[in-house]
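A.B. asks: Sharing input-v9.tsv below, TSV, C-alpha atoms:
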chain	number	residue	atom	x	y	z
N	1	MET	CA	0.00	0.00	0.00
N	2	SER	CA	1.17	3.53	-0.77
N	3	TYR	CA	2.05	5.93	2.04
N	4	ILE	CA	-1.07	8.06	1.43
N	5	GLU	CA	-4.08	6.54	-0.28
N	6	LEU	CA	-7.49	7.95	-1.11
N	7	ALA	CA	-9.90	5.24	-2.25
N	8	SER	CA	-13.15	6.25	-4.00
N	9	VAL	CA	-13.59	9.34	-1.82
N	10	ILE	CA	-16.83	11.29	-2.25
N	11	LYS	CA	-17.79	14.53	-0.50
N	12	ARG	CA	-21.19	16.13	-1.02
N	13	TYR	CA	-22.67	19.42	0.06
N	14	GLY	CA	-26.37	18.69	-0.18
N	15	HIS	CA	-26.95	17.62	-3.77
N	16	ALA	CA	-23.68	19.16	-4.98
N	17	ILE	CA	-20.69	16.82	-5.30
N	18	ALA	CA	-17.43	18.60	-4.42
N	19	VAL	CA	-15.21	15.49	-4.49
N	20	ASP	CA	-16.39	12.91	-7.00
N	21	ASN	CA	-15.06	9.41	-6.42
N	22	ILE	CA	-11.38	10.35	-6.20
N	23	SER	CA	-8.80	7.59	-5.90
N	24	LEU	CA	-5.22	8.74	-5.47
N	25	THR	CA	-1.92	7.43	-4.10
N	26	ILE	CA	1.11	9.38	-2.88
N	27	GLU	CA	4.42	7.74	-2.08
N	28	LYS	CA	6.59	8.43	0.96
N	29	GLY	CA	9.11	11.20	0.27
N	30	GLU	CA	7.23	12.70	-2.67
N	31	ILE	CA	6.37	16.31	-3.32
N	32	PHE	CA	2.97	15.87	-4.89
N	33	GLY	CA	1.32	18.79	-6.66
N	34	LEU	CA	-2.45	19.11	-6.62
N	35	LEU	CA	-3.87	21.42	-9.30
N	36	GLY	CA	-7.32	22.52	-10.32
N	37	PRO	CA	-9.27	25.61	-11.35
N	38	ASN	CA	-11.04	27.51	-8.58
N	39	GLY	CA	-14.00	25.49	-7.35
N	40	ALA	CA	-12.64	22.25	-8.82
N	41	GLY	CA	-12.58	20.44	-5.46
N	42	LYS	CA	-8.89	20.43	-4.54
N	43	SER	CA	-9.30	22.41	-1.28
N	44	THR	CA	-12.21	20.18	-0.25
N	45	THR	CA	-10.07	17.13	-0.98
N	46	ILE	CA	-7.32	18.50	1.26
N	47	LYS	CA	-9.76	19.32	4.07
N	48	VAL	CA	-11.11	15.78	3.95
N	49	LEU	CA	-7.57	14.39	4.03
N	50	VAL	CA	-6.56	16.40	7.11
N	51	GLY	CA	-9.82	15.66	8.91
N	52	LEU	CA	-11.44	19.10	8.77
N	53	LEU	CA	-14.31	17.57	6.77
N	54	LYS	CA	-15.74	14.06	6.75
N	55	GLN	CA	-16.19	12.28	3.46
N	56	ASN	CA	-19.61	10.84	2.61
N	57	SER	CA	-18.02	7.64	1.36
N	58	GLY	CA	-14.66	6.16	0.50
N	59	ASP	CA	-11.55	5.54	2.58
N	60	ILE	CA	-8.33	7.39	3.36
N	61	PHE	CA	-5.22	5.61	4.63
N	62	ILE	CA	-2.06	7.13	6.08
N	63	ASP	CA	0.82	4.65	6.18
N	64	GLY	CA	-1.70	1.82	6.02
N	65	VAL	CA	-3.91	3.17	8.81
N	66	ASP	CA	-7.52	4.17	8.11
N	67	ILE	CA	-7.99	7.75	9.33
N	68	LYS	CA	-11.50	6.88	10.57
N	69	SER	CA	-10.20	4.16	12.86
N	70	ALA	CA	-7.28	6.18	14.26
N	71	PRO	CA	-7.98	9.90	13.75
N	72	LEU	CA	-5.55	11.17	16.41
N	73	GLU	CA	-2.70	8.89	15.34
N	74	THR	CA	-3.00	9.90	11.69
N	75	LYS	CA	-3.48	13.62	12.41
N	76	LYS	CA	-0.26	13.70	14.43
N	77	LYS	CA	1.59	12.65	11.29
N	78	MET	CA	0.31	15.69	9.40
N	79	GLY	CA	0.97	19.42	9.38
N	80	PHE	CA	-1.48	21.63	7.49
N	81	VAL	CA	-0.56	25.05	6.06
N	82	PRO	CA	-3.92	26.52	5.03
N	83	GLN	CA	-4.38	29.21	2.41
N	84	ASP	CA	-5.99	31.47	5.02
N	85	LEU	CA	-3.60	32.57	7.75
N	86	ALA	CA	-4.17	30.44	10.85
N	87	PHE	CA	-2.55	31.96	13.92
N	88	TYR	CA	-3.43	34.41	16.69
N	89	ASP	CA	-2.59	38.09	16.20
N	90	GLY	CA	-2.60	38.63	19.96
N	91	LEU	CA	0.22	36.14	20.55
N	92	SER	CA	3.87	36.55	19.63
N	93	ALA	CA	5.42	34.39	16.90
N	94	LEU	CA	7.04	32.23	19.58
N	95	GLU	CA	3.78	31.87	21.52
N	96	ASN	CA	1.86	30.94	18.38
N	97	ILE	CA	4.28	28.23	17.34
N	98	SER	CA	4.58	26.85	20.87
N	99	TYR	CA	0.80	26.72	21.20
N	100	PHE	CA	0.23	24.83	17.96
N	101	ALA	CA	3.05	22.38	18.66
N	102	SER	CA	1.59	21.69	22.11
N	103	LEU	CA	-1.69	20.63	20.49
N	104	TYR	CA	0.21	17.59	19.18
N	105	GLY	CA	1.38	16.60	22.64
N	106	VAL	CA	4.83	18.23	22.55
N	107	LYS	CA	5.82	19.38	26.06
N	108	GLY	CA	8.60	20.75	28.26
N	109	SER	CA	12.13	21.21	26.96
N	110	ARG	CA	11.23	19.41	23.74
N	111	LEU	CA	8.52	22.01	23.07
N	112	LYS	CA	11.03	24.86	23.46
N	113	GLU	CA	13.56	23.06	21.28
N	114	LEU	CA	11.11	22.45	18.43
N	115	THR	CA	9.65	25.96	18.67
N	116	ASP	CA	13.13	27.49	18.35
N	117	GLU	CA	13.90	25.17	15.44
N	118	ALA	CA	10.74	26.23	13.59
N	119	LEU	CA	11.50	29.91	14.19
N	120	ALA	CA	15.05	29.50	12.89
N	121	PHE	CA	13.98	27.42	9.91
N	122	THR	CA	11.45	30.04	8.75
N	123	GLY	CA	13.80	32.97	9.40
N	124	LEU	CA	11.69	34.38	12.24
N	125	TYR	CA	13.92	33.77	15.26
N	126	GLU	CA	14.92	37.43	15.59
N	127	LYS	CA	11.23	38.38	15.46
N	128	ARG	CA	10.08	35.71	17.89
N	129	ARG	CA	8.88	38.17	20.56
N	130	GLU	CA	6.89	40.28	18.11
N	131	LYS	CA	3.20	39.87	17.34
N	132	PRO	CA	2.27	38.98	13.75
N	133	LYS	CA	0.15	42.11	13.27
N	134	LYS	CA	3.48	43.90	12.77
N	135	PHE	CA	4.69	41.38	10.19
N	136	SER	CA	4.86	41.78	6.44
N	137	GLY	CA	2.78	39.49	4.23
N	138	GLY	CA	5.77	37.25	3.60
N	139	MET	CA	6.59	36.95	7.30
N	140	LYS	CA	2.98	36.02	8.07
N	141	ARG	CA	3.14	33.27	5.45
N	142	ARG	CA	6.34	31.96	7.02
N	143	LEU	CA	4.74	32.00	10.47
N	144	ASN	CA	1.82	30.05	9.01
N	145	ILE	CA	4.31	27.40	7.91
N	146	ALA	CA	6.21	27.43	11.22
N	147	CYS	CA	3.01	26.72	13.16
N	148	ALA	CA	2.32	23.71	10.93
N	149	ILE	CA	5.77	22.12	11.01
N	150	ALA	CA	6.93	22.68	14.62
N	151	HIS	CA	5.81	19.20	15.73
N	152	GLN	CA	7.92	17.75	12.87
N	153	PRO	CA	5.14	16.02	10.93
N	154	GLU	CA	5.91	13.30	8.42
N	155	ILE	CA	3.36	14.77	6.00
N	156	ILE	CA	3.02	18.49	5.23
N	157	ILE	CA	0.01	19.76	3.27
N	158	MET	CA	0.54	23.27	1.85
N	159	ASP	CA	-2.43	25.06	0.30
N	160	GLU	CA	-1.27	28.13	-1.67
N	161	PRO	CA	1.61	28.95	0.72
N	162	THR	CA	3.06	31.76	-1.44
N	163	VAL	CA	-0.08	33.64	-2.42
N	164	GLY	CA	0.23	37.43	-2.36
N	165	ILE	CA	3.82	37.77	-1.15
N	166	ASP	CA	7.02	39.42	-2.36
N	167	PRO	CA	9.54	37.51	-4.51
N	168	GLN	CA	12.15	37.26	-1.73
N	169	SER	CA	9.71	35.65	0.72
N	170	ARG	CA	8.41	33.42	-2.06
N	171	ASN	CA	11.90	32.13	-2.82
N	172	HIS	CA	12.51	31.55	0.89
N	173	ILE	CA	9.36	29.43	1.12
N	174	LEU	CA	10.14	27.45	-2.04
N	175	ASN	CA	13.62	26.67	-0.75
N	176	SER	CA	12.06	25.68	2.58
N	177	VAL	CA	9.76	23.22	0.81
N	178	LYS	CA	12.74	21.59	-0.88
N	179	GLU	CA	14.64	21.41	2.42
N	180	LEU	CA	11.68	19.90	4.28
N	181	ASN	CA	11.41	17.26	1.58
N	182	HIS	CA	15.17	16.66	1.73
N	183	ARG	CA	14.77	16.02	5.46
N	184	GLY	CA	12.22	13.33	4.73
N	185	SER	CA	8.81	15.01	4.74
N	186	THR	CA	6.17	13.96	2.24
N	187	ILE	CA	4.57	17.13	0.88
N	188	ILE	CA	1.27	17.84	-0.83
N	189	TYR	CA	1.46	21.22	-2.54
N	190	THR	CA	-1.16	23.36	-4.24
N	191	SER	CA	-0.47	26.63	-6.03
N	192	HIS	CA	-1.82	28.93	-8.71
N	193	TYR	CA	1.76	29.47	-9.85
N	194	MET	CA	2.48	26.76	-12.40
N	195	GLU	CA	6.22	27.37	-12.36
N	196	GLU	CA	6.30	26.54	-8.63
N	197	VAL	CA	4.58	23.21	-9.14
N	198	GLU	CA	6.72	22.41	-12.16
N	199	SER	CA	9.98	23.11	-10.31
N	200	LEU	CA	9.04	21.46	-6.99
N	201	CYS	CA	6.80	18.49	-7.61
N	202	HIS	CA	7.74	14.93	-8.52
N	203	ARG	CA	4.20	14.15	-9.67
N	204	VAL	CA	1.04	16.16	-10.26
N	205	GLY	CA	-2.67	15.38	-9.94
N	206	ILE	CA	-5.21	17.55	-11.77
N	207	ILE	CA	-8.73	17.87	-10.37
N	208	ASP	CA	-11.62	19.33	-12.34
N	209	TYR	CA	-15.31	19.33	-11.44
N	210	GLY	CA	-14.49	17.19	-8.42
N	211	LYS	CA	-12.84	14.41	-10.44
N	212	LEU	CA	-9.19	13.44	-10.71
N	213	ILE	CA	-8.77	13.77	-14.48
N	214	ALA	CA	-5.02	13.12	-14.71
N	215	CYS	CA	-2.14	12.09	-12.47
N	216	GLY	CA	1.54	11.45	-13.10
N	217	LYS	CA	4.90	12.94	-13.93
N	218	LYS	CA	5.06	15.79	-16.44
N	219	GLU	CA	6.03	13.48	-19.29
N	220	GLU	CA	3.08	11.19	-18.51
N	221	LEU	CA	0.67	14.13	-18.41
N	222	LYS	CA	2.09	15.41	-21.68
N	223	ARG	CA	1.22	12.12	-23.37
N	224	LEU	CA	-2.32	12.33	-22.00
N	225	ALA	CA	-2.77	15.91	-23.15
N	226	ARG	CA	-1.12	15.37	-26.54
N	227	THR	CA	-0.12	19.03	-26.61
N	228	GLU	CA	1.89	20.29	-29.55
N	229	GLU	CA	5.47	21.46	-29.11
N	230	LYS	CA	7.73	23.67	-31.19
N	231	ILE	CA	10.81	23.24	-33.30
N	232	VAL	CA	12.28	26.76	-33.29
N	233	ILE	CA	14.54	27.58	-36.24
N	234	GLU	CA	16.53	30.80	-36.62
N	235	MET	CA	17.79	31.74	-40.12
N	236	ASN	CA	19.62	34.60	-41.76
N	237	GLU	CA	16.59	35.22	-43.93
N	238	ILE	CA	13.25	33.58	-44.64
N	239	ASN	CA	12.65	31.86	-47.94
N	240	TYR	CA	8.87	31.68	-48.06
N	241	GLY	CA	9.03	29.06	-50.81
N	242	VAL	CA	10.29	26.52	-48.28
N	243	LEU	CA	7.27	26.91	-46.01
N	244	GLU	CA	5.03	24.78	-48.22
N	245	ALA	CA	7.63	22.02	-48.24
N	246	LEU	CA	7.84	22.08	-44.44
N	247	LYS	CA	4.04	21.93	-44.15
N	248	GLU	CA	4.09	18.70	-46.15
N	249	ILE	CA	6.06	16.94	-43.42
N	250	ASP	CA	3.79	14.42	-41.72
N	251	GLY	CA	2.80	15.62	-38.25
N	252	VAL	CA	3.49	19.32	-38.80
N	253	SER	CA	0.25	21.15	-38.05
N	254	ASN	CA	1.29	24.78	-38.38
N	255	ILE	CA	4.24	27.08	-39.00
N	256	ILE	CA	4.49	30.50	-37.38
N	257	VAL	CA	6.85	33.03	-38.96
N	258	GLU	CA	8.21	36.01	-37.06
N	259	ASP	CA	11.18	38.01	-38.34
N	260	ASN	CA	13.75	35.33	-39.28
N	261	VAL	CA	12.40	32.69	-36.91
N	262	LEU	CA	10.17	29.71	-37.72
N	263	ASP	CA	8.07	28.01	-35.05
N	264	ILE	CA	7.12	24.57	-36.40
N	265	MET	CA	4.24	23.03	-34.43
N	266	THR	CA	4.17	19.25	-34.07
N	267	LEU	CA	3.29	16.57	-31.51
N	268	ASN	CA	6.65	14.77	-31.76
N	269	PRO	CA	9.35	17.33	-32.47
N	270	GLN	CA	12.27	15.03	-31.60
N	271	THR	CA	11.32	12.68	-34.44
N	272	LYS	CA	10.85	15.51	-36.96
N	273	ILE	CA	14.05	17.52	-36.55
N	274	GLN	CA	16.09	15.50	-39.03
N	275	GLU	CA	13.39	15.70	-41.71
N	276	VAL	CA	13.03	19.44	-41.15
N	277	LEU	CA	16.79	19.98	-41.50
N	278	GLU	CA	16.95	17.85	-44.66
N	279	THR	CA	14.09	19.85	-46.18
N	280	LEU	CA	15.81	23.15	-45.41
N	281	SER	CA	19.15	21.88	-46.70
N	282	GLY	CA	17.51	20.70	-49.91
N	283	LYS	CA	16.22	24.22	-50.49
N	284	GLY	CA	19.62	25.75	-49.77
N	285	ILE	CA	18.51	27.35	-46.51
N	286	ALA	CA	21.23	28.07	-43.94
N	287	VAL	CA	20.17	27.52	-40.31
N	288	ARG	CA	21.70	29.68	-37.59
N	289	ASN	CA	20.16	27.85	-34.66
N	290	ILE	CA	17.63	25.12	-33.98
N	291	SER	CA	16.00	24.27	-30.65
N	292	LEU	CA	12.99	22.55	-29.09
N	293	LYS	CA	10.47	24.33	-26.90
N	294	GLU	CA	8.70	21.79	-24.74
N	295	THR	CA	5.15	22.18	-23.50
N	296	ASP	CA	5.08	23.54	-19.95
N	297	LEU	CA	2.72	22.44	-17.20
N	298	GLU	CA	0.36	25.32	-17.89
N	299	GLY	CA	-0.09	24.20	-21.49
N	300	ILE	CA	-0.81	20.66	-20.32
N	301	PHE	CA	-3.29	21.95	-17.75
N	302	LEU	CA	-5.14	24.06	-20.32
N	303	GLU	CA	-5.33	21.15	-22.72
N	304	LEU	CA	-6.72	18.76	-20.11
N	305	THR	CA	-9.19	21.11	-18.41
N	306	GLY	CA	-9.96	23.72	-21.04
N	307	ARG	CA	-9.72	26.30	-18.29
N	308	ARG	CA	-7.01	28.53	-16.88
N	309	LEU	CA	-6.05	27.87	-13.27
N	310	ARG	CA	-7.52	31.20	-12.12
N	311	ASP	CA	-10.84	30.83	-13.95
Would you write the structure of this file as C-alpha cells?

C.D. replies:
Amino acid sequence: MSYIELASVIKRYGHAIAVDNISLTIEKGEIFGLLGPNGAGKSTTIKVLVGLLKQNSGDIFIDGVDIKSAPLETKKKMGFVPQDLAFYDGLSALENISYFASLYGVKGSRLKELTDEALAFTGLYEKRREKPKKFSGGMKRRLNIACAIAHQPEIIIMDEPTVGIDPQSRNHILNSVKELNHRGSTIIYTSHYMEEVESLCHRVGIIDYGKLIACGKKEELKRLARTEEKIVIEMNEINYGVLEALKEIDGVSNIIVEDNVLDIMTLNPQTKIQEVLETLSGKGIAVRNISLKETDLEGIFLELTGRRLRD
C-alpha cells in the first residue's frame, strides 16, 4: 500500500458533489502537486484528508492506517498550512508556534527546542517576541508554515503557501519546501503558480469538477494531453518558398513566422528535426540555430481542463 491513499472518496454538500469518487496514491518522500481551477474540489479534498471535513463515502489511509479508525494517530503525522492565515494576532510568533506544537502533545524542553527550530527554519527567530500584526505578508506566510511544522510532521500539506507575497519571501518558502522534503517530509502542494509546481513536484494530480482527471509525472501528463510542441529555427533570412515544403512533413500542423524565426508546431518534435533539417538543406537554406520548446505544465493543464487555473 502507498504511504497516502485515497480510495473512491466522495464529498457532497447537499446535492452538490465537491469530491467525486477520487482515488489517489502518494508515495513516501514525494512532493505531490495538486492542481485545479477555482472550485474544482482540490481544497475540499485537502480538508477531507486532514480531517477538517468528513467524506460521505470512500476511505483514506495514512501509512496503512484508516484515518477513521485512528484519527488522532494519523493527524499527528500531518501538518497543514492553510491558504488562510491560521494563527493568533494577539500572541507573539514564539507563543503561536509553541501553542500549535503543544496541540500535538509536545511538552517541556522538547517544546522549546522544536519551537526554536521552527523559528530559525522560517527565518523568524529574531522576530520571535513580536506579534504577527506587525509582520509583512511574507513573514505572516512563514509563520503560518512554522506553526504547521513545529511538531515535525511526516506529511506536510501546503495550500497556496506563497499567495500574495514578495519575490524574496516566495523564494525563501520554495527553498524551505525543498529542504523539508530533503529532510524526509512527504509534501502535498497546491499553487496557482504553475512554475512553482513544475519546479518542486515529482508528480502532479489535476482535479476538475471534483474528479481526478489526470495524475503522473510531467512526461506522462504530456502524453495524456497530446499538446503540440515547437521546433524553433533561426535563419539569416526567410525563404517563403520553403514553407510549403515544411508543411508537407507528416505531423506538422502549423508554422508561425516572425522576423527570421520559424516556429514549427508538431506533436513529436524530436522525431521531426532530421526531416526538417533535410528539407531546409535541400532548399539551400542556412540555419543559424535550432532548438525545441517543450510544453510547460500550464499548457498541459489548459489542454486537459480547457480552463485557466484562475478561472

A.B. asks: Taking all atoms listed in the file into account, which of N:Ser191, N:Thr115, N:Asn260, N:Thr74 comes nearest N:Ser43?

C.D. replies: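 Under the stated criterion, the closest residue is N:Ser191.
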
A.B. asks: For atom CA of N:Asp166 and atom CA of N:Leu52, determine how far apart the two atoms are, in Å to one decimal place.

C.D. replies: 29.6 Å

A.B. asks: Would you pick out the contacts of stretch 148-154 of chain N at 7 Å or less, using all atoms listed in the file, so that residues sharing its chain but fewer than 3 positions from it are not included, and give the list as number ranges by chain?

C.D. replies: N: 76-81, 97, 101, 104, 106, 114-115, 118, 144-145, 185-186

A.B. asks: Which neighbours of stretch 7-10 of chain N fall inside 8 Å, counting all atoms listed in the file, when residues of the same chain fewer than 5 positions from it are skipped, and could you give them as a PyMOL selection string?

C.D. replies: chain N and resi 17-24+55-60

A.B. asks: Identify the residues within 12 Å of coordinate (-7.9, 14.2, 15.9) (same frame as the file), considering only C-alpha atoms, and give the answer as JSON, numbers by chain.

C.D. replies: {"N": [49, 50, 51, 52, 53, 67, 68, 69, 70, 71, 72, 73, 74, 75, 76, 77, 78, 103, 104, 105]}

A.B. asks: Nearest to N:Lys217 among N:Val204, N:Val48, N:Leu94, N:Leu119, with distances taken over all atoms listed in the file: which residue is it?

C.D. replies: N:Val204

A.B. asks: Of the candidates N:Leu280, N:Ile207, N:Val197, N:Ile4, which shows the shortest atom-to-atom distance to N:Ile238, using only C-alpha atoms?

C.D. replies: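 Under the stated criterion, the closest residue is N:Leu280.
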
A.B. asks: Using Å and a single decimal, report how far atom CA of N:Gly90 sits from atom CA of N:Asn171.

C.D. replies: 27.8 Å

A.B. asks: Just to confirm, what's the straight-line distance from atom CA of N:Tyr209 to atom CA of N:Glu30 in Å (one decimal)?

C.D. replies: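 Atom CA of N:Glu30 lies 25.1 Å from atom CA of N:Tyr209.
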
A.B. asks: Which residues come within 9 Å of N:Asn289, counting only C-alpha atoms, excluding same-chain residues fewer than 3 positions away, as a VMD selection string?

C.D. replies: chain N and resid 232 to 235

A.B. asks: Find the smallest box with edges along x, y and z containing every listed atom of stretch 76-94 of chain N, then add 5 Å on each side and report centre and edge lengths in Å to one decimal, as JSON.

C.D. replies:
{"center_x": 0.5, "center_y": 25.6, "center_z": 11.5, "size_x": 23.0, "size_y": 36.0, "size_z": 28.1}

A.B. asks: Rank N:Leu34, N:Leu180, N:Val242, N:Leu6 by their smallest atom-to-atom distance to N:Ser281, using only C-alpha atoms, and report the top residue only.

C.D. replies: N:Val242

A.B. asks: Set the distance at 8 Å and use all atoms listed in the file: which residues neighbour N:Gly205 once local chain neighbours fewer than 6 positions away are removed? I'd like the list as a ChimeraX atom specification.

C.D. replies: /N:32-35,212-216

A.B. asks: Determine the nearest neighbour of N:Glu298 from the options N:Ile231, N:Glu196, N:Arg223, N:Arg12, counting only C-alpha atoms.

C.D. replies: N:Glu196

A.B. asks: So that I can see what lies close to stretch 160-165 of chain N, please list as number ranges by chain the residues with an atom at most 6 Å from it, counting all atoms listed in the file and leaving out residues fewer than 5 positions away in the same chain.

C.D. replies: N: 83, 137-138, 170, 190-191

A.B. asks: Quick one: of N:Lys293, N:Gly251, N:Gly29, N:Gly14, who's nearest to N:Arg183, counting all atoms listed in the file?

C.D. replies: N:Gly29
